[in-house]
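Q: So that we are looking at the same thing, I have put the structure below in structure tokens.
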Amino acid sequence: MQTEKLYLYPVWVRLWHITNALMCLILIFSGISMQYSNTEYPLIPFSAAVSMHNISGIILTVSYLMFIIGNWSTSNGKHYRMRIKGLIVSLLNQARYYAFGIFKGESAPYPVSKEMKFNPLQQFTYVLTMYIFVPLVFISGWALLFPGIIVTNFLGMGGIQLTSLLHVTAGFLISLFLIIHVYFCTIGHSPSSNFKSMIDGYHESH
Ligand code: HEM
């Protein structure tokens with residue numbers, strides 16, 4: 001069978017993605033180390049973990065702005081415009097394919113194309129992560145960096161405590177996304193071909 005190559009990941013997407021992935025990994029490790037800090041057995045010494053977390057959070061924010069500007073000013077943005085009509089059906093179709101069809105050798109219900117590089121489940125999780133979870137994590141992170149701007153009391157609860165709960169929850173959801181994301185990236189033309197596509201820009205399919 002002949003391999004088809006589609007150029008789907010322009011240079012700016014790849015630069016943004018590698019920065020974003022590295023920063024998220026540093027944030028997750030330094031964040032976990034701070035959350036379960038123990039002076040006797042520090043995963044990373046506390047003050048080093050704080051500096052790593054702050055610096056990578058700032059870089060993540062800048063790279064996020066690059067992502068938003070890129071999606072707004074280039075055709076890559078069209079892949080993030082979800083069609084609400086028929087959304088549930090298309091999500092179920094894709095989930096059914098991942099649960100059964102793929103094992104029976106069925107062809108993908110939404111094959112990758114220049115017009116639609118993400119399948120509905122991929123698109124849904126990317127939109128959720130990039131337009132809700134990531135902004136939530138860095139906005140709450142900036143607020144915790146400058147706690148003076150946080151209201152002291154919100155409906156009887158401490159503002160800083162609530163902001164920190166929001167921050168940790170968004171961070172947890174991003175970590176969960178990351179594990180599922182990397183696993184699903186192994187489902188491609190070969191287990192490594194999707195990873196290669198984030199290096200050379202070309203998606204391989206049958
Ligand atoms: C070790 C970390 C990571 C690896 C190995 C990885 C791998 C990949 C690969 C292979 C692709 C191309 C296949 C596809 O389009 O689905 C991709 C795309 C993507 N990844 Fe990741 N990823 C990582 C971390 C992350 C993180 C932390 C996020 C978000 C918080 C993320 C968000 C995305 C998005 C939005 C795309 C689509 C980009 C576009 O084409 O517009 N990734 N990733």
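Residue numbering restarts at 1 for every chain of the structure tokens, chains are lettered A, B, ... in their displayed order, and ligands are numbered from 1 as they appear.
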What's around range 144-161 of chain A at 10 Å? Count only C-alpha atoms, leave out sequence neighbours fewer than 6 positions away in its own chain, and write the answer as a ChimeraX atom specification.

A: /A:54,138,167

Q: Take the selection from the previous step and output its residues with N, CA and C atoms, as a PDB file, in the first residue's frame.

A:
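New file selection17.pdb:
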ATOM      1  N   ASN A  54       7.773  28.890  38.288  1.00  0.00           N
ATOM      2  CA  ASN A  54       7.458  30.271  37.888  1.00  0.00           C
ATOM      3  C   ASN A  54       7.972  30.580  36.488  1.00  0.00           C
ATOM      4  N   PHE A 138      -2.969  29.030  33.569  1.00  0.00           N
ATOM      5  CA  PHE A 138      -2.008  30.132  33.683  1.00  0.00           C
ATOM      6  C   PHE A 138      -2.627  31.394  34.275  1.00  0.00           C
ATOM      7  N   HIS A 167      -6.362  26.085  40.248  1.00  0.00           N
ATOM      8  CA  HIS A 167      -5.061  25.889  39.603  1.00  0.00           C
ATOM      9  C   HIS A 167      -4.663  24.403  39.611  1.00  0.00           C
TER      10      HIS A 167
END

Q: Please check which protein, DNA or RNA residues sit within 7 Å of ligand 1, counting only C-alpha atoms and all ligand atoms, and write them as a list in words.

A: Leu8, Tyr9, Val13, His17, Asn20, Ala21, Leu22, Cys24, Asn76, Phe118, Gln122, Tyr126, Thr129, Met130, Val134, Ile174, Leu178, His181, Val182, Cys185, Asn194, Phe195, Lys196, Ser197 and Met198 of chain A

Q: Could you write out the selected residues, including N, CA and C atoms, as a PDB file, in the first residue's frame?

A:
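What landed in result_3.pdb:
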ATOM      1  N   LEU A   8       0.782  18.994   7.379  1.00  0.00           N
ATOM      2  CA  LEU A   8      -0.280  19.496   8.267  1.00  0.00           C
ATOM      3  C   LEU A   8       0.224  20.346   9.418  1.00  0.00           C
ATOM      4  N   TYR A   9       1.525  20.257   9.717  1.00  0.00           N
ATOM      5  CA  TYR A   9       2.036  20.963  10.902  1.00  0.00           C
ATOM      6  C   TYR A   9       3.096  21.981  10.510  1.00  0.00           C
ATOM      7  N   VAL A  13       3.585  25.856  14.359  1.00  0.00           N
ATOM      8  CA  VAL A  13       2.829  24.913  15.201  1.00  0.00           C
ATOM      9  C   VAL A  13       3.817  23.991  15.911  1.00  0.00           C
ATOM     10  N   HIS A  17       4.395  23.750  19.785  1.00  0.00           N
ATOM     11  CA  HIS A  17       4.083  22.491  20.434  1.00  0.00           C
ATOM     12  C   HIS A  17       5.238  21.979  21.295  1.00  0.00           C
ATOM     13  N   ASN A  20       5.481  24.176  24.362  1.00  0.00           N
ATOM     14  CA  ASN A  20       4.342  23.900  25.235  1.00  0.00           C
ATOM     15  C   ASN A  20       4.515  22.555  25.956  1.00  0.00           C
ATOM     16  N   ALA A  21       4.925  21.518  25.203  1.00  0.00           N
ATOM     17  CA  ALA A  21       5.057  20.184  25.798  1.00  0.00           C
ATOM     18  C   ALA A  21       6.149  20.187  26.873  1.00  0.00           C
ATOM     19  N   LEU A  22       7.307  20.808  26.545  1.00  0.00           N
ATOM     20  CA  LEU A  22       8.409  20.835  27.528  1.00  0.00           C
ATOM     21  C   LEU A  22       8.012  21.609  28.780  1.00  0.00           C
ATOM     22  N   CYS A  24       4.994  22.157  29.923  1.00  0.00           N
ATOM     23  CA  CYS A  24       3.981  21.418  30.698  1.00  0.00           C
ATOM     24  C   CYS A  24       4.659  20.320  31.524  1.00  0.00           C
ATOM     25  N   ASN A  76      -4.606  27.354  10.276  1.00  0.00           N
ATOM     26  CA  ASN A  76      -4.622  26.303  11.303  1.00  0.00           C
ATOM     27  C   ASN A  76      -5.831  26.452  12.229  1.00  0.00           C
ATOM     28  N   PHE A 118      -7.994  16.819  12.419  1.00  0.00           N
ATOM     29  CA  PHE A 118      -8.318  16.147  13.676  1.00  0.00           C
ATOM     30  C   PHE A 118      -9.618  15.374  13.538  1.00  0.00           C
ATOM     31  N   GLN A 122     -10.476  14.015  18.882  1.00  0.00           N
ATOM     32  CA  GLN A 122      -9.224  14.761  18.989  1.00  0.00           C
ATOM     33  C   GLN A 122      -9.533  16.262  19.058  1.00  0.00           C
ATOM     34  N   TYR A 126      -8.693  18.746  22.127  1.00  0.00           N
ATOM     35  CA  TYR A 126      -7.732  19.831  21.900  1.00  0.00           C
ATOM     36  C   TYR A 126      -8.378  21.176  22.230  1.00  0.00           C
ATOM     37  N   THR A 129      -8.789  21.478  26.048  1.00  0.00           N
ATOM     38  CA  THR A 129      -7.508  21.700  26.725  1.00  0.00           C
ATOM     39  C   THR A 129      -6.946  23.082  26.411  1.00  0.00           C
ATOM     40  N   MET A 130      -6.928  23.427  25.096  1.00  0.00           N
ATOM     41  CA  MET A 130      -6.246  24.670  24.716  1.00  0.00           C
ATOM     42  C   MET A 130      -7.062  25.924  24.991  1.00  0.00           C
ATOM     43  N   VAL A 134      -5.841  25.155  29.703  1.00  0.00           N
ATOM     44  CA  VAL A 134      -4.560  25.876  29.730  1.00  0.00           C
ATOM     45  C   VAL A 134      -4.759  27.346  30.183  1.00  0.00           C
ATOM     46  N   ILE A 174      -4.923  18.777  32.813  1.00  0.00           N
ATOM     47  CA  ILE A 174      -3.922  18.839  31.728  1.00  0.00           C
ATOM     48  C   ILE A 174      -3.013  17.599  31.788  1.00  0.00           C
ATOM     49  N   LEU A 178      -2.546  14.899  28.908  1.00  0.00           N
ATOM     50  CA  LEU A 178      -1.220  14.585  28.369  1.00  0.00           C
ATOM     51  C   LEU A 178      -1.010  13.075  28.226  1.00  0.00           C
ATOM     52  N   HIS A 181      -3.331  11.830  25.505  1.00  0.00           N
ATOM     53  CA  HIS A 181      -2.862  12.409  24.239  1.00  0.00           C
ATOM     54  C   HIS A 181      -1.674  11.608  23.683  1.00  0.00           C
ATOM     55  N   VAL A 182      -0.669  11.361  24.532  1.00  0.00           N
ATOM     56  CA  VAL A 182       0.531  10.664  24.058  1.00  0.00           C
ATOM     57  C   VAL A 182       0.172   9.227  23.663  1.00  0.00           C
ATOM     58  N   CYS A 185      -1.503   9.297  20.333  1.00  0.00           N
ATOM     59  CA  CYS A 185      -0.568   9.660  19.257  1.00  0.00           C
ATOM     60  C   CYS A 185       0.166   8.433  18.716  1.00  0.00           C
ATOM     61  N   ASN A 194       3.175   9.547  14.084  1.00  0.00           N
ATOM     62  CA  ASN A 194       2.607  10.837  14.513  1.00  0.00           C
ATOM     63  C   ASN A 194       3.646  11.698  15.227  1.00  0.00           C
ATOM     64  N   PHE A 195       4.567  11.034  15.946  1.00  0.00           N
ATOM     65  CA  PHE A 195       5.611  11.794  16.648  1.00  0.00           C
ATOM     66  C   PHE A 195       6.566  12.414  15.615  1.00  0.00           C
ATOM     67  N   LYS A 196       6.820  11.611  14.542  1.00  0.00           N
ATOM     68  CA  LYS A 196       7.702  12.107  13.472  1.00  0.00           C
ATOM     69  C   LYS A 196       7.065  13.321  12.790  1.00  0.00           C
ATOM     70  N   SER A 197       5.725  13.278  12.683  1.00  0.00           N
ATOM     71  CA  SER A 197       5.046  14.376  11.982  1.00  0.00           C
ATOM     72  C   SER A 197       5.184  15.702  12.730  1.00  0.00           C
ATOM     73  N   MET A 198       5.393  15.632  14.060  1.00  0.00           N
ATOM     74  CA  MET A 198       5.579  16.862  14.830  1.00  0.00           C
ATOM     75  C   MET A 198       7.025  17.345  14.727  1.00  0.00           C
TER      76      MET A 198
END

Q: Determine which residues of range 1-152 of chain A receive a DSSP assignment of strand (DSSP E or B), computed from the backbone, and state them as a PyMOL selection string.

A: chain A and resi 4-7

Q: Calculated over only C-alpha atoms, which of the candidates A:Tyr7, A:Tyr41, A:Tyr97, A:Tyr80 has the smallest distance to Gln123 in chain A?

A: A:Tyr80

Q: From the options A:Ser190, A:Ala49, A:Pro120, A:Ala170, which residue's atoms come nearest to Ile132 in chain A, counting only C-alpha atoms?

A: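 Among the listed residues, the smallest separation from Ile132 in chain A belongs to A:Ala170.
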
Q: Nearest residue to Asn71 in chain A out of A:Leu25, A:Pro10, A:Ile102, A:Leu87, using only C-alpha atoms?

A: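 The answer is A:Pro10, which sits nearest to Asn71 in chain A.
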
Q: Which residue gives the smallest distance to Ile55 in chain A among A:Ala108, A:Ile26, A:Val11, A:Ile84, with only C-alpha atoms counted?

A: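 Closest residue, counting only C-alpha atoms: A:Ile26.
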
Q: Calculated over only C-alpha atoms, which of the candidates A:Leu121, A:Ser164, A:Val127, A:Trp16 has the smallest distance to Ile180 in chain A?

A: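 Between A:Leu121, A:Ser164, A:Val127, A:Trp16, the residue approaching Ile180 in chain A most closely is A:Leu121.
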